[in-house]
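Content type mmCIF, C-alpha atoms, from the file run-v7.cif:
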```cif
data_structure
#
loop_
_atom_site.label_atom_id
_atom_site.label_comp_id
_atom_site.auth_asym_id
_atom_site.auth_seq_id
_atom_site.Cartn_x
_atom_site.Cartn_y
_atom_site.Cartn_z
CA MET K 144 -238.72 -98.03 226.53
CA ASN K 145 -239.65 -101.28 224.84
CA ARG K 146 -239.32 -104.66 226.42
CA LEU K 147 -239.57 -107.78 224.30
CA LEU K 148 -242.99 -108.78 225.61
CA THR K 149 -243.63 -108.28 229.30
CA PRO K 150 -243.24 -111.78 230.77
CA PRO K 151 -245.05 -113.36 233.67
CA PRO K 152 -242.96 -113.88 236.83
CA ALA K 153 -240.06 -116.20 236.16
CA GLU K 154 -240.31 -119.74 237.44
CA THR K 155 -237.35 -122.03 237.86
CA HIS K 156 -234.53 -122.56 235.41
CA HIS K 157 -235.64 -124.94 232.64
CA ALA K 158 -239.14 -125.18 234.06
CA ALA K 159 -241.37 -126.71 231.39
CA SER K 160 -244.98 -125.64 231.06
CA ALA K 161 -247.47 -128.43 231.64
CA GLY K 162 -250.95 -128.66 230.17
CA PRO K 163 -252.73 -129.12 226.84
CA LYS K 164 -251.24 -128.90 223.36
CA ILE K 165 -249.52 -125.56 222.75
CA ASP K 166 -251.36 -123.42 220.19
CA CYS K 167 -248.98 -121.33 218.06
CA SER K 168 -251.88 -119.38 216.54
CA THR K 169 -252.63 -117.71 219.90
CA CYS K 170 -249.02 -116.84 220.74
CA LEU K 171 -248.20 -113.11 220.75
CA VAL K 172 -245.07 -113.75 218.67
CA GLY K 173 -246.55 -116.59 216.62
CA ARG K 174 -246.63 -114.58 213.41
CA ILE K 175 -243.07 -113.38 213.95
CA CYS K 176 -241.83 -116.90 214.51
CA LEU K 177 -244.00 -118.40 211.75
CA PRO K 178 -245.91 -117.13 208.71
CA ALA K 179 -249.61 -116.73 209.51
CA SER K 180 -250.47 -119.50 207.05
CA LEU K 181 -248.39 -122.03 209.01
CA THR K 182 -249.41 -121.40 212.63
CA SER K 183 -252.34 -123.84 212.51
CA THR K 184 -250.16 -126.46 210.79
CA ALA K 185 -247.51 -126.05 213.49
CA THR K 186 -250.15 -126.54 216.18
CA ASP K 187 -251.68 -129.59 214.47
CA CYS K 188 -248.31 -131.35 214.27
CA GLN K 189 -247.47 -130.32 217.86
CA MET K 190 -244.36 -128.53 216.68
CA VAL K 191 -243.76 -126.97 220.09
CA GLN K 192 -242.97 -129.73 222.57
CA ARG K 193 -242.90 -127.47 225.61
CA ARG K 194 -242.17 -123.94 226.80
CA ILE K 195 -239.12 -123.40 229.00
CA LYS K 196 -238.47 -120.45 231.30
CA ILE K 197 -234.84 -119.41 231.77
CA VAL K 198 -233.79 -117.10 234.59
CA ARG K 199 -231.45 -114.21 233.73
CA GLY K 200 -227.84 -115.40 233.73
CA ASP K 201 -228.70 -119.11 233.34
CA HIS K 202 -227.92 -121.30 230.35
CA LEU K 203 -230.52 -122.53 227.91
CA TYR K 204 -227.85 -124.94 226.66
CA GLN K 205 -224.11 -125.20 227.14
CA LEU K 206 -221.17 -125.68 224.82
CA GLY K 207 -220.68 -129.39 224.17
CA GLU K 208 -224.06 -130.39 225.63
CA PRO K 209 -225.98 -133.06 223.65
CA VAL K 210 -228.31 -131.46 221.11
CA GLY K 211 -231.16 -133.90 221.57
CA GLU K 212 -232.64 -133.26 218.10
CA ARG K 213 -234.27 -129.95 219.03
CA PHE K 214 -233.98 -126.22 218.55
CA TYR K 215 -235.69 -123.21 220.10
CA ALA K 216 -237.81 -120.15 219.32
CA VAL K 217 -237.52 -117.19 221.68
CA ARG K 218 -241.02 -116.39 222.96
CA TYR K 219 -239.92 -113.44 225.10
CA GLY K 220 -236.68 -112.12 226.55
CA SER K 221 -233.21 -112.20 225.00
CA PHE K 222 -230.08 -114.36 224.88
CA LYS K 223 -226.42 -114.21 223.97
CA THR K 224 -224.59 -117.11 222.36
CA TYR K 225 -220.87 -117.68 222.81
CA HIS K 226 -217.88 -119.87 222.02
CA LEU K 227 -214.84 -120.40 224.24
CA ASP K 228 -211.44 -119.32 222.95
CA PRO K 229 -208.32 -121.52 223.50
CA GLY K 230 -207.80 -119.75 226.83
CA GLY K 231 -211.30 -120.63 228.02
CA LEU K 232 -212.71 -117.10 227.72
CA GLN K 233 -216.21 -116.47 226.38
CA ARG K 234 -216.39 -114.96 222.89
CA ILE K 235 -219.81 -113.61 221.92
CA VAL K 236 -221.10 -114.82 218.55
CA GLY K 237 -224.67 -113.46 218.54
CA PHE K 238 -227.69 -111.96 220.30
CA HIS K 239 -231.24 -113.30 220.00
CA ILE K 240 -234.58 -111.63 220.76
CA SER K 241 -238.28 -112.59 220.60
CA GLY K 242 -239.21 -114.37 217.40
CA ASP K 243 -235.61 -115.49 216.75
CA HIS K 244 -234.67 -119.15 216.46
CA MET K 245 -231.71 -120.65 218.28
CA ALA K 246 -229.57 -123.78 217.89
CA LEU K 247 -230.27 -124.06 214.16
CA ASP K 248 -226.50 -124.43 213.74
CA THR K 249 -226.70 -127.83 215.46
CA MET K 250 -228.76 -129.55 212.76
CA GLY K 251 -227.13 -132.92 212.12
CA LEU K 252 -224.68 -132.51 215.02
CA ALA K 253 -224.49 -134.48 218.27
CA ASN K 254 -223.39 -131.60 220.51
CA HIS K 255 -223.91 -127.86 220.75
CA ARG K 256 -221.23 -125.74 219.09
CA CYS K 257 -221.86 -122.82 221.45
CA GLY K 258 -223.57 -121.92 224.71
CA ALA K 259 -226.65 -119.74 225.18
CA ILE K 260 -227.23 -117.54 228.25
CA ALA K 261 -230.37 -115.53 229.07
CA LEU K 262 -229.76 -111.76 229.24
CA GLU K 263 -233.04 -111.34 231.15
CA ASP K 264 -235.79 -113.62 232.43
CA SER K 265 -236.88 -115.32 229.22
CA GLU K 266 -238.99 -118.11 227.75
CA VAL K 267 -238.40 -120.30 224.72
CA CYS K 268 -240.46 -122.81 222.78
CA GLU K 269 -238.70 -126.14 222.38
CA ILE K 270 -239.16 -127.60 218.90
CA SER K 271 -238.30 -131.15 217.91
CA TYR K 272 -236.81 -131.90 214.51
CA ASP K 273 -239.01 -134.99 214.48
CA CYS K 274 -242.06 -132.81 213.82
CA LEU K 275 -240.55 -131.82 210.47
CA HIS K 276 -240.31 -135.44 209.36
CA ALA K 277 -243.73 -136.67 210.44
CA ARG K 278 -246.52 -136.56 207.85
CA ARG K 279 -244.02 -135.26 205.32
CA GLU K 280 -246.48 -134.32 202.57
CA ALA K 281 -248.67 -132.27 204.90
CA LEU K 282 -245.66 -130.48 206.37
CA ILE K 283 -243.81 -129.51 203.18
CA PRO K 284 -244.66 -125.77 203.62
CA LEU K 285 -243.38 -125.90 207.21
CA GLN K 286 -240.19 -127.62 206.11
CA ARG K 287 -239.62 -124.97 203.45
CA HIS K 288 -240.06 -122.27 206.09
CA PHE K 289 -237.32 -123.76 208.24
CA TYR K 290 -234.97 -124.08 205.27
CA THR K 291 -235.58 -120.36 204.72
CA MET K 292 -234.76 -119.70 208.37
CA LEU K 293 -231.48 -121.57 207.99
CA SER K 294 -230.61 -119.47 204.94
CA LYS K 295 -231.31 -116.26 206.87
CA GLU K 296 -229.08 -117.38 209.75
CA ILE K 297 -226.24 -118.12 207.34
CA ALA K 298 -226.73 -114.73 205.66
CA ARG K 299 -226.71 -112.98 209.05
CA GLU K 300 -223.43 -114.65 209.99
CA GLN K 301 -221.91 -113.66 206.64
CA ASP K 302 -223.02 -110.05 207.16
CA ALA K 303 -221.45 -110.05 210.64
CA ALA K 304 -218.17 -111.40 209.25
CA LEU K 305 -218.08 -108.69 206.58
CA LEU K 306 -218.84 -106.02 209.17
CA LEU K 307 -215.98 -107.08 211.43
CA ARG K 308 -213.48 -107.47 208.61
CA ASN K 309 -214.14 -104.37 206.51
CA THR K 310 -215.20 -101.55 208.82
CA ARG K 311 -213.88 -99.02 211.30
CA ALA K 312 -214.84 -99.23 214.96
CA GLU K 313 -217.40 -96.42 214.63
CA GLN K 314 -219.05 -98.16 211.67
CA ARG K 315 -219.25 -101.45 213.56
CA LEU K 316 -221.02 -99.94 216.55
CA THR K 317 -223.33 -97.81 214.42
CA ALA K 318 -224.30 -100.76 212.23
CA PHE K 319 -224.88 -102.86 215.35
CA LEU K 320 -227.23 -100.27 216.87
CA LEU K 321 -229.11 -99.84 213.60
CA GLY K 322 -229.45 -103.60 213.28
CA ILE K 323 -231.00 -103.80 216.75
CA SER K 324 -233.31 -100.90 215.84
CA LEU K 325 -234.51 -102.63 212.67
CA ARG K 326 -235.11 -105.92 214.48
CA TYR K 327 -237.27 -104.15 217.05
CA ALA K 328 -239.18 -102.40 214.26
CA ALA K 329 -239.82 -105.71 212.48
CA ARG K 330 -241.53 -106.92 215.66
CA GLY K 331 -243.83 -103.92 215.93
CA TYR K 332 -241.80 -101.97 218.48
CA SER K 333 -240.34 -98.49 218.24
CA SER K 334 -237.19 -98.33 216.18
CA THR K 335 -236.05 -95.15 217.94
CA SER K 336 -236.38 -96.00 221.63
CA PHE K 337 -235.16 -99.33 222.96
CA ARG K 338 -233.06 -101.03 225.62
CA LEU K 339 -229.81 -102.92 225.15
CA HIS K 340 -230.03 -105.95 227.41
CA MET K 341 -226.45 -106.97 226.69
CA SER K 342 -223.55 -105.43 228.64
CA ARG K 343 -220.91 -103.10 227.19
CA GLN K 344 -218.46 -105.98 227.59
CA ASP K 345 -220.66 -108.29 225.50
CA ILE K 346 -221.13 -105.65 222.79
CA ALA K 347 -217.40 -104.99 222.72
CA ASP K 348 -216.57 -108.68 222.46
CA PHE K 349 -219.09 -109.21 219.65
CA LEU K 350 -217.71 -106.25 217.67
CA GLY K 351 -214.04 -106.96 218.30
CA LEU K 352 -213.58 -103.82 220.42
CA THR K 353 -212.87 -102.98 224.06
CA PRO K 354 -215.56 -101.87 226.54
CA GLU K 355 -213.74 -98.53 226.81
CA SER K 356 -213.95 -98.08 223.04
CA VAL K 357 -217.68 -98.84 223.06
CA SER K 358 -218.29 -96.24 225.79
CA ARG K 359 -216.13 -93.68 223.97
CA LEU K 360 -217.88 -94.29 220.66
CA LEU K 361 -221.33 -94.03 222.25
CA PHE K 362 -220.31 -90.71 223.79
CA GLY K 363 -219.12 -89.57 220.34
CA LEU K 364 -222.44 -90.49 218.72
CA LYS K 365 -224.25 -88.67 221.51
CA SER K 366 -222.03 -85.58 221.06
CA GLN K 367 -222.91 -85.52 217.35
CA GLY K 368 -226.60 -85.44 218.22
CA LEU K 369 -227.25 -88.84 216.64
CA LEU K 370 -228.59 -90.58 219.73
CA GLU K 371 -229.15 -90.36 223.46
CA VAL K 372 -227.77 -92.98 225.82
CA SER K 373 -228.70 -93.46 229.47
CA GLY K 374 -227.30 -96.67 230.90
CA ARG K 375 -228.67 -99.35 228.56
CA ALA K 376 -231.50 -97.17 227.25
CA VAL K 377 -230.96 -95.84 223.71
CA THR K 378 -232.95 -93.19 221.82
CA VAL K 379 -232.16 -92.70 218.14
CA LEU K 380 -232.31 -89.00 217.24
CA ASP K 381 -230.98 -89.09 213.68
CA ALA K 382 -231.44 -92.43 211.94
CA ALA K 383 -230.31 -91.03 208.58
CA GLY K 384 -227.09 -89.78 210.15
CA LEU K 385 -226.44 -93.18 211.67
CA GLN K 386 -227.08 -94.81 208.29
CA ARG K 387 -224.48 -92.56 206.72
CA LEU K 388 -221.93 -93.50 209.37
CA ALA K 389 -222.72 -97.20 208.93
CA GLY K 390 -221.75 -96.83 205.30
CA GLY K 391 -224.25 -99.28 203.84
CA TYR K 392 -223.46 -102.15 206.21
CA VAL K 393 -227.03 -102.31 207.49
CA SER K 394 -229.97 -103.48 205.39
CA PRO K 395 -233.70 -103.67 206.27
CA PRO K 396 -235.08 -107.03 207.39
CA PRO K 397 -236.58 -109.26 204.67
CA ALA K 398 -240.06 -108.26 203.52
CA ASP K 399 -241.66 -111.37 204.99
CA GLU K 400 -240.36 -110.41 208.44
CA ALA K 401 -241.62 -106.85 208.16
CA GLU K 402 -245.06 -108.13 207.19
CA THR K 403 -245.35 -110.13 210.43
CA ARG K 404 -245.62 -107.04 212.62
CA GLN K 405 -248.50 -107.14 215.06
CA PRO K 406 -249.99 -103.77 216.08
CA GLN K 407 -250.65 -104.96 219.62
CA LEU K 408 -246.92 -105.50 220.21
CA ALA K 409 -246.29 -101.78 219.82
CA THR K 410 -248.07 -101.23 223.12
CA ALA K 411 -245.79 -103.56 225.08
CA HIS K 412 -244.84 -102.29 228.50
CA ALA K 413 -241.73 -100.12 228.85
CA ALA K 414 -238.62 -101.63 230.32
#
```
Just give me the structure as structure tokens.
Amino acid sequence: MNRLLTPPPAETHHAASAGPKIDCSTCLVGRICLPASLTSTATDCQMVQRRIKIVRGDHLYQLGEPVGERFYAVRYGSFKTYHLDPGGLQRIVGFHISGDHMALDTMGLANHRCGAIALEDSEVCEISYDCLHARREALIPLQRHFYTMLSKEIAREQDAALLLRNTRAEQRLTAFLLGISLRYAARGYSSTSFRLHMSRQDIADFLGLTPESVSRLLFGLKSQGLLEVSGRAVTVLDAAGLQRLAGGYVSPPPADEAETRQPQLATAHAA
């Protein structure tokens, strides 16, 4: 089973790496996070301020916490982001894996609109917005890349809203699983054998279902011979069948993401 890059042993929560300037061109997910043509530019302008390790279950940032003019790229591991409803209960708004960017929704804001919790021992690169304003002419391609990232995040949120509003429960879960599969594939991992690091409760909350419904629907998909499920391990047996059930609510990742696959990532250690 794939793991999103086998990490070194976790250090302490929010432990920042010390040492020389961080080189994006040597990072295993550098060409997922950035186009190959921009990795040297990102290094030259010291885009990554530091790398932060987050222990499973800890916050990267909390709802209402000062933004501090920075956002994050997931180097390895995975996160869930959440809001609080009027009753103070967590409501999941998204899941993030290696190569994803987080806290882009805070641009121009003073405080975080949601919280982010590590689903496993993880590491992020902290990026300052200041690096996008320094040496403006030299960094125009990098600025354009981040505007593109913002557009993709908005599009992803729109797709999620359409999915929740217009589909049956079975379609929601099937589209969710296929979306995870495609995101793994875009990073050079197997699209047919992967691990869900989020709990059934988190999946249910994200899809507007109950944990019991998620378990029942997974059993139904397994009974139809579409996939195998063992705990959090998922094996896709019939991707075409899942696509039919999803009813067109899942689309492949953009071409530029698919082109960033690195062959060496496909050999990442099993979870």
Please expand the PyMOL selection byres ((chain K and resi 348) around 12) into the concrete residues it hits in this file, giving the result as a PyMOL selection string. chain K and resi 223-228+232-238+307+315-316+341-347+349-357
Atoms kept (C-alpha atoms) for selection, written as an mmCIF file, keeping the file's coordinate frame:
```
data_model
loop_
_atom_site.group_PDB
_atom_site.id
_atom_site.type_symbol
_atom_site.label_atom_id
_atom_site.label_comp_id
_atom_site.auth_asym_id
_atom_site.auth_seq_id
_atom_site.Cartn_x
_atom_site.Cartn_y
_atom_site.Cartn_z
ATOM 1 C CA LYS K 223 -226.420 -114.210 223.970
ATOM 2 C CA THR K 224 -224.590 -117.110 222.360
ATOM 3 C CA TYR K 225 -220.870 -117.680 222.810
ATOM 4 C CA HIS K 226 -217.880 -119.870 222.020
ATOM 5 C CA LEU K 227 -214.840 -120.400 224.240
ATOM 6 C CA ASP K 228 -211.440 -119.320 222.950
ATOM 7 C CA LEU K 232 -212.710 -117.100 227.720
ATOM 8 C CA GLN K 233 -216.210 -116.470 226.380
ATOM 9 C CA ARG K 234 -216.390 -114.960 222.890
ATOM 10 C CA ILE K 235 -219.810 -113.610 221.920
ATOM 11 C CA VAL K 236 -221.100 -114.820 218.550
ATOM 12 C CA GLY K 237 -224.670 -113.460 218.540
ATOM 13 C CA PHE K 238 -227.690 -111.960 220.300
ATOM 14 C CA LEU K 307 -215.980 -107.080 211.430
ATOM 15 C CA ARG K 315 -219.250 -101.450 213.560
ATOM 16 C CA LEU K 316 -221.020 -99.940 216.550
ATOM 17 C CA MET K 341 -226.450 -106.970 226.690
ATOM 18 C CA SER K 342 -223.550 -105.430 228.640
ATOM 19 C CA ARG K 343 -220.910 -103.100 227.190
ATOM 20 C CA GLN K 344 -218.460 -105.980 227.590
ATOM 21 C CA ASP K 345 -220.660 -108.290 225.500
ATOM 22 C CA ILE K 346 -221.130 -105.650 222.790
ATOM 23 C CA ALA K 347 -217.400 -104.990 222.720
ATOM 24 C CA PHE K 349 -219.090 -109.210 219.650
ATOM 25 C CA LEU K 350 -217.710 -106.250 217.670
ATOM 26 C CA GLY K 351 -214.040 -106.960 218.300
ATOM 27 C CA LEU K 352 -213.580 -103.820 220.420
ATOM 28 C CA THR K 353 -212.870 -102.980 224.060
ATOM 29 C CA PRO K 354 -215.560 -101.870 226.540
ATOM 30 C CA GLU K 355 -213.740 -98.530 226.810
ATOM 31 C CA SER K 356 -213.950 -98.080 223.040
ATOM 32 C CA VAL K 357 -217.680 -98.840 223.060
#
```
Calculate how many Å separate CA of Thr317 (chain K) from CA of Arg299 (chain K), rounding to one decimal.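 Pair CA of Thr317 (chain K) / CA of Arg299 (chain K) returns 16.4 Å.
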Please list as a PyMOL selection string every residue within 8 Å of Asp381 (chain K), counting all atoms listed in the file and excluding residues in the same chain fewer than 5 positions away. chain K and resi 368-370
Target residues per the PyMOL selection byres ((chain K and resi 318) around 9), formatted as a VMD selection string: chain K and resid 306 313 to 317 319 to 323 385 to 386 388 to 393
Write out as a PDB file with C-alpha atoms, in the coordinates of the input which residues come within 7 Å of Val217 (chain K) when counting all atoms listed in the file, dropping same-chain ones fewer than 4 positions away.
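What landed in result_23.pdb:
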```pdb
ATOM      1  CA  ILE K 240    -234.580-111.630 220.760  1.00  0.00           C
ATOM      2  CA  SER K 241    -238.280-112.590 220.600  1.00  0.00           C
ATOM      3  CA  GLY K 242    -239.210-114.370 217.400  1.00  0.00           C
ATOM      4  CA  ASP K 243    -235.610-115.490 216.750  1.00  0.00           C
ATOM      5  CA  HIS K 244    -234.670-119.150 216.460  1.00  0.00           C
ATOM      6  CA  GLU K 266    -238.990-118.110 227.750  1.00  0.00           C
ATOM      7  CA  VAL K 267    -238.400-120.300 224.720  1.00  0.00           C
ATOM      8  CA  CYS K 268    -240.460-122.810 222.780  1.00  0.00           C
TER       9      CYS K 268
END
```
Using the chain letters and numbers from this file, what does the PyMOL selection byres ((chain K and resi 374) around 10) select? Give the answer as a ChimeraX atom specification. /K:338-339,342-343,371-373,375-377
Work out how far apart CA of Glu212 (chain K) and CA of Gly251 (chain K) are and give it in Å to one decimal.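 Straight-line distance from CA of Glu212 (chain K) to CA of Gly251 (chain K) works out to 8.1 Å.
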Quick one: axis-aligned box around all listed atoms of region 236-247 of chain K, 8 Å on every side, centre and edge lengths in Å to one decimal, written as JSON.
```
{"center_x": -230.2, "center_y": -117.8, "center_z": 217.5, "size_x": 34.1, "size_y": 28.4, "size_z": 22.6}
```
Report the distance between CA of His202 (chain K) and CA of Ile260 (chain K) in Å, rounded to one decimal place. 4.4 Å
Name all residues at most 8 Å from Asp201 (chain K) (count only C-alpha atoms; drop same-chain ones fewer than 2 positions away) and give them as an MDAnalysis selection string. chainID K and resid 156 197:199 203 260:261
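Proximity of K:Val210, K:Leu262, K:Ala216, K:Ala246 to His340 (chain K), computed with only C-alpha atoms, is greatest for K:Leu262.
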Considering all atoms listed in the file, state which residue in the set K:Gly331, K:Arg256, K:Asp166, K:Tyr272 is at the smallest distance from Tyr204 (chain K).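 Distance minimum relative to Tyr204 (chain K) lands on K:Arg256.
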From K:Leu293, K:Asp264, K:Gly207, K:Ser324, residue lying nearest Asp248 (chain K) [all atoms listed in the file]: K:Leu293
Take region 207-219 of chain K, bring it up to N, CA, C and O atoms, and give me the output as an mmCIF file, keeping the file's coordinate frame.
```cif
data_model
loop_
_atom_site.group_PDB
_atom_site.id
_atom_site.type_symbol
_atom_site.label_atom_id
_atom_site.label_comp_id
_atom_site.auth_asym_id
_atom_site.auth_seq_id
_atom_site.Cartn_x
_atom_site.Cartn_y
_atom_site.Cartn_z
ATOM 1 N N GLY K 207 -220.999 -127.980 224.049
ATOM 2 C CA GLY K 207 -220.680 -129.390 224.170
ATOM 3 C C GLY K 207 -221.811 -130.254 224.687
ATOM 4 O O GLY K 207 -221.710 -131.484 224.684
ATOM 5 N N GLU K 208 -222.912 -129.644 225.119
ATOM 6 C CA GLU K 208 -224.060 -130.390 225.630
ATOM 7 C C GLU K 208 -224.747 -131.139 224.483
ATOM 8 O O GLU K 208 -224.812 -130.631 223.366
ATOM 9 N N PRO K 209 -225.268 -132.329 224.719
ATOM 10 C CA PRO K 209 -225.980 -133.060 223.650
ATOM 11 C C PRO K 209 -227.130 -132.225 223.083
ATOM 12 O O PRO K 209 -227.858 -131.575 223.835
ATOM 13 N N VAL K 210 -227.279 -132.252 221.775
ATOM 14 C CA VAL K 210 -228.310 -131.460 221.110
ATOM 15 C C VAL K 210 -229.700 -131.998 221.391
ATOM 16 O O VAL K 210 -230.640 -131.247 221.665
ATOM 17 N N GLY K 211 -229.857 -133.314 221.303
ATOM 18 C CA GLY K 211 -231.160 -133.900 221.570
ATOM 19 C C GLY K 211 -232.180 -133.670 220.473
ATOM 20 O O GLY K 211 -233.388 -133.698 220.728
ATOM 21 N N GLU K 212 -231.732 -133.405 219.239
ATOM 22 C CA GLU K 212 -232.640 -133.260 218.100
ATOM 23 C C GLU K 212 -233.715 -132.199 218.318
ATOM 24 O O GLU K 212 -234.892 -132.421 218.078
ATOM 25 N N ARG K 213 -233.309 -131.027 218.820
ATOM 26 C CA ARG K 213 -234.270 -129.950 219.030
ATOM 27 C C ARG K 213 -233.604 -128.595 218.856
ATOM 28 O O ARG K 213 -232.396 -128.467 218.971
ATOM 29 N N PHE K 214 -234.436 -127.605 218.567
ATOM 30 C CA PHE K 214 -233.980 -126.220 218.550
ATOM 31 C C PHE K 214 -235.030 -125.387 219.243
ATOM 32 O O PHE K 214 -235.989 -125.924 219.814
ATOM 33 N N TYR K 215 -234.858 -124.050 219.241
ATOM 34 C CA TYR K 215 -235.690 -123.210 220.100
ATOM 35 C C TYR K 215 -236.133 -121.942 219.370
ATOM 36 O O TYR K 215 -235.418 -121.417 218.522
ATOM 37 N N ALA K 216 -237.323 -121.459 219.750
ATOM 38 C CA ALA K 216 -237.810 -120.150 219.320
ATOM 39 C C ALA K 216 -237.965 -119.297 220.571
ATOM 40 O O ALA K 216 -238.543 -119.756 221.565
ATOM 41 N N VAL K 217 -237.430 -118.071 220.520
ATOM 42 C CA VAL K 217 -237.520 -117.190 221.680
ATOM 43 C C VAL K 217 -238.917 -116.592 221.746
ATOM 44 O O VAL K 217 -239.331 -115.864 220.844
ATOM 45 N N ARG K 218 -239.656 -116.902 222.798
ATOM 46 C CA ARG K 218 -241.020 -116.390 222.960
ATOM 47 C C ARG K 218 -240.992 -114.982 223.562
ATOM 48 O O ARG K 218 -241.716 -114.090 223.131
ATOM 49 N N TYR K 219 -240.186 -114.778 224.579
ATOM 50 C CA TYR K 219 -239.920 -113.440 225.100
ATOM 51 C C TYR K 219 -238.555 -113.445 225.770
ATOM 52 O O TYR K 219 -238.008 -114.495 226.094
#
```
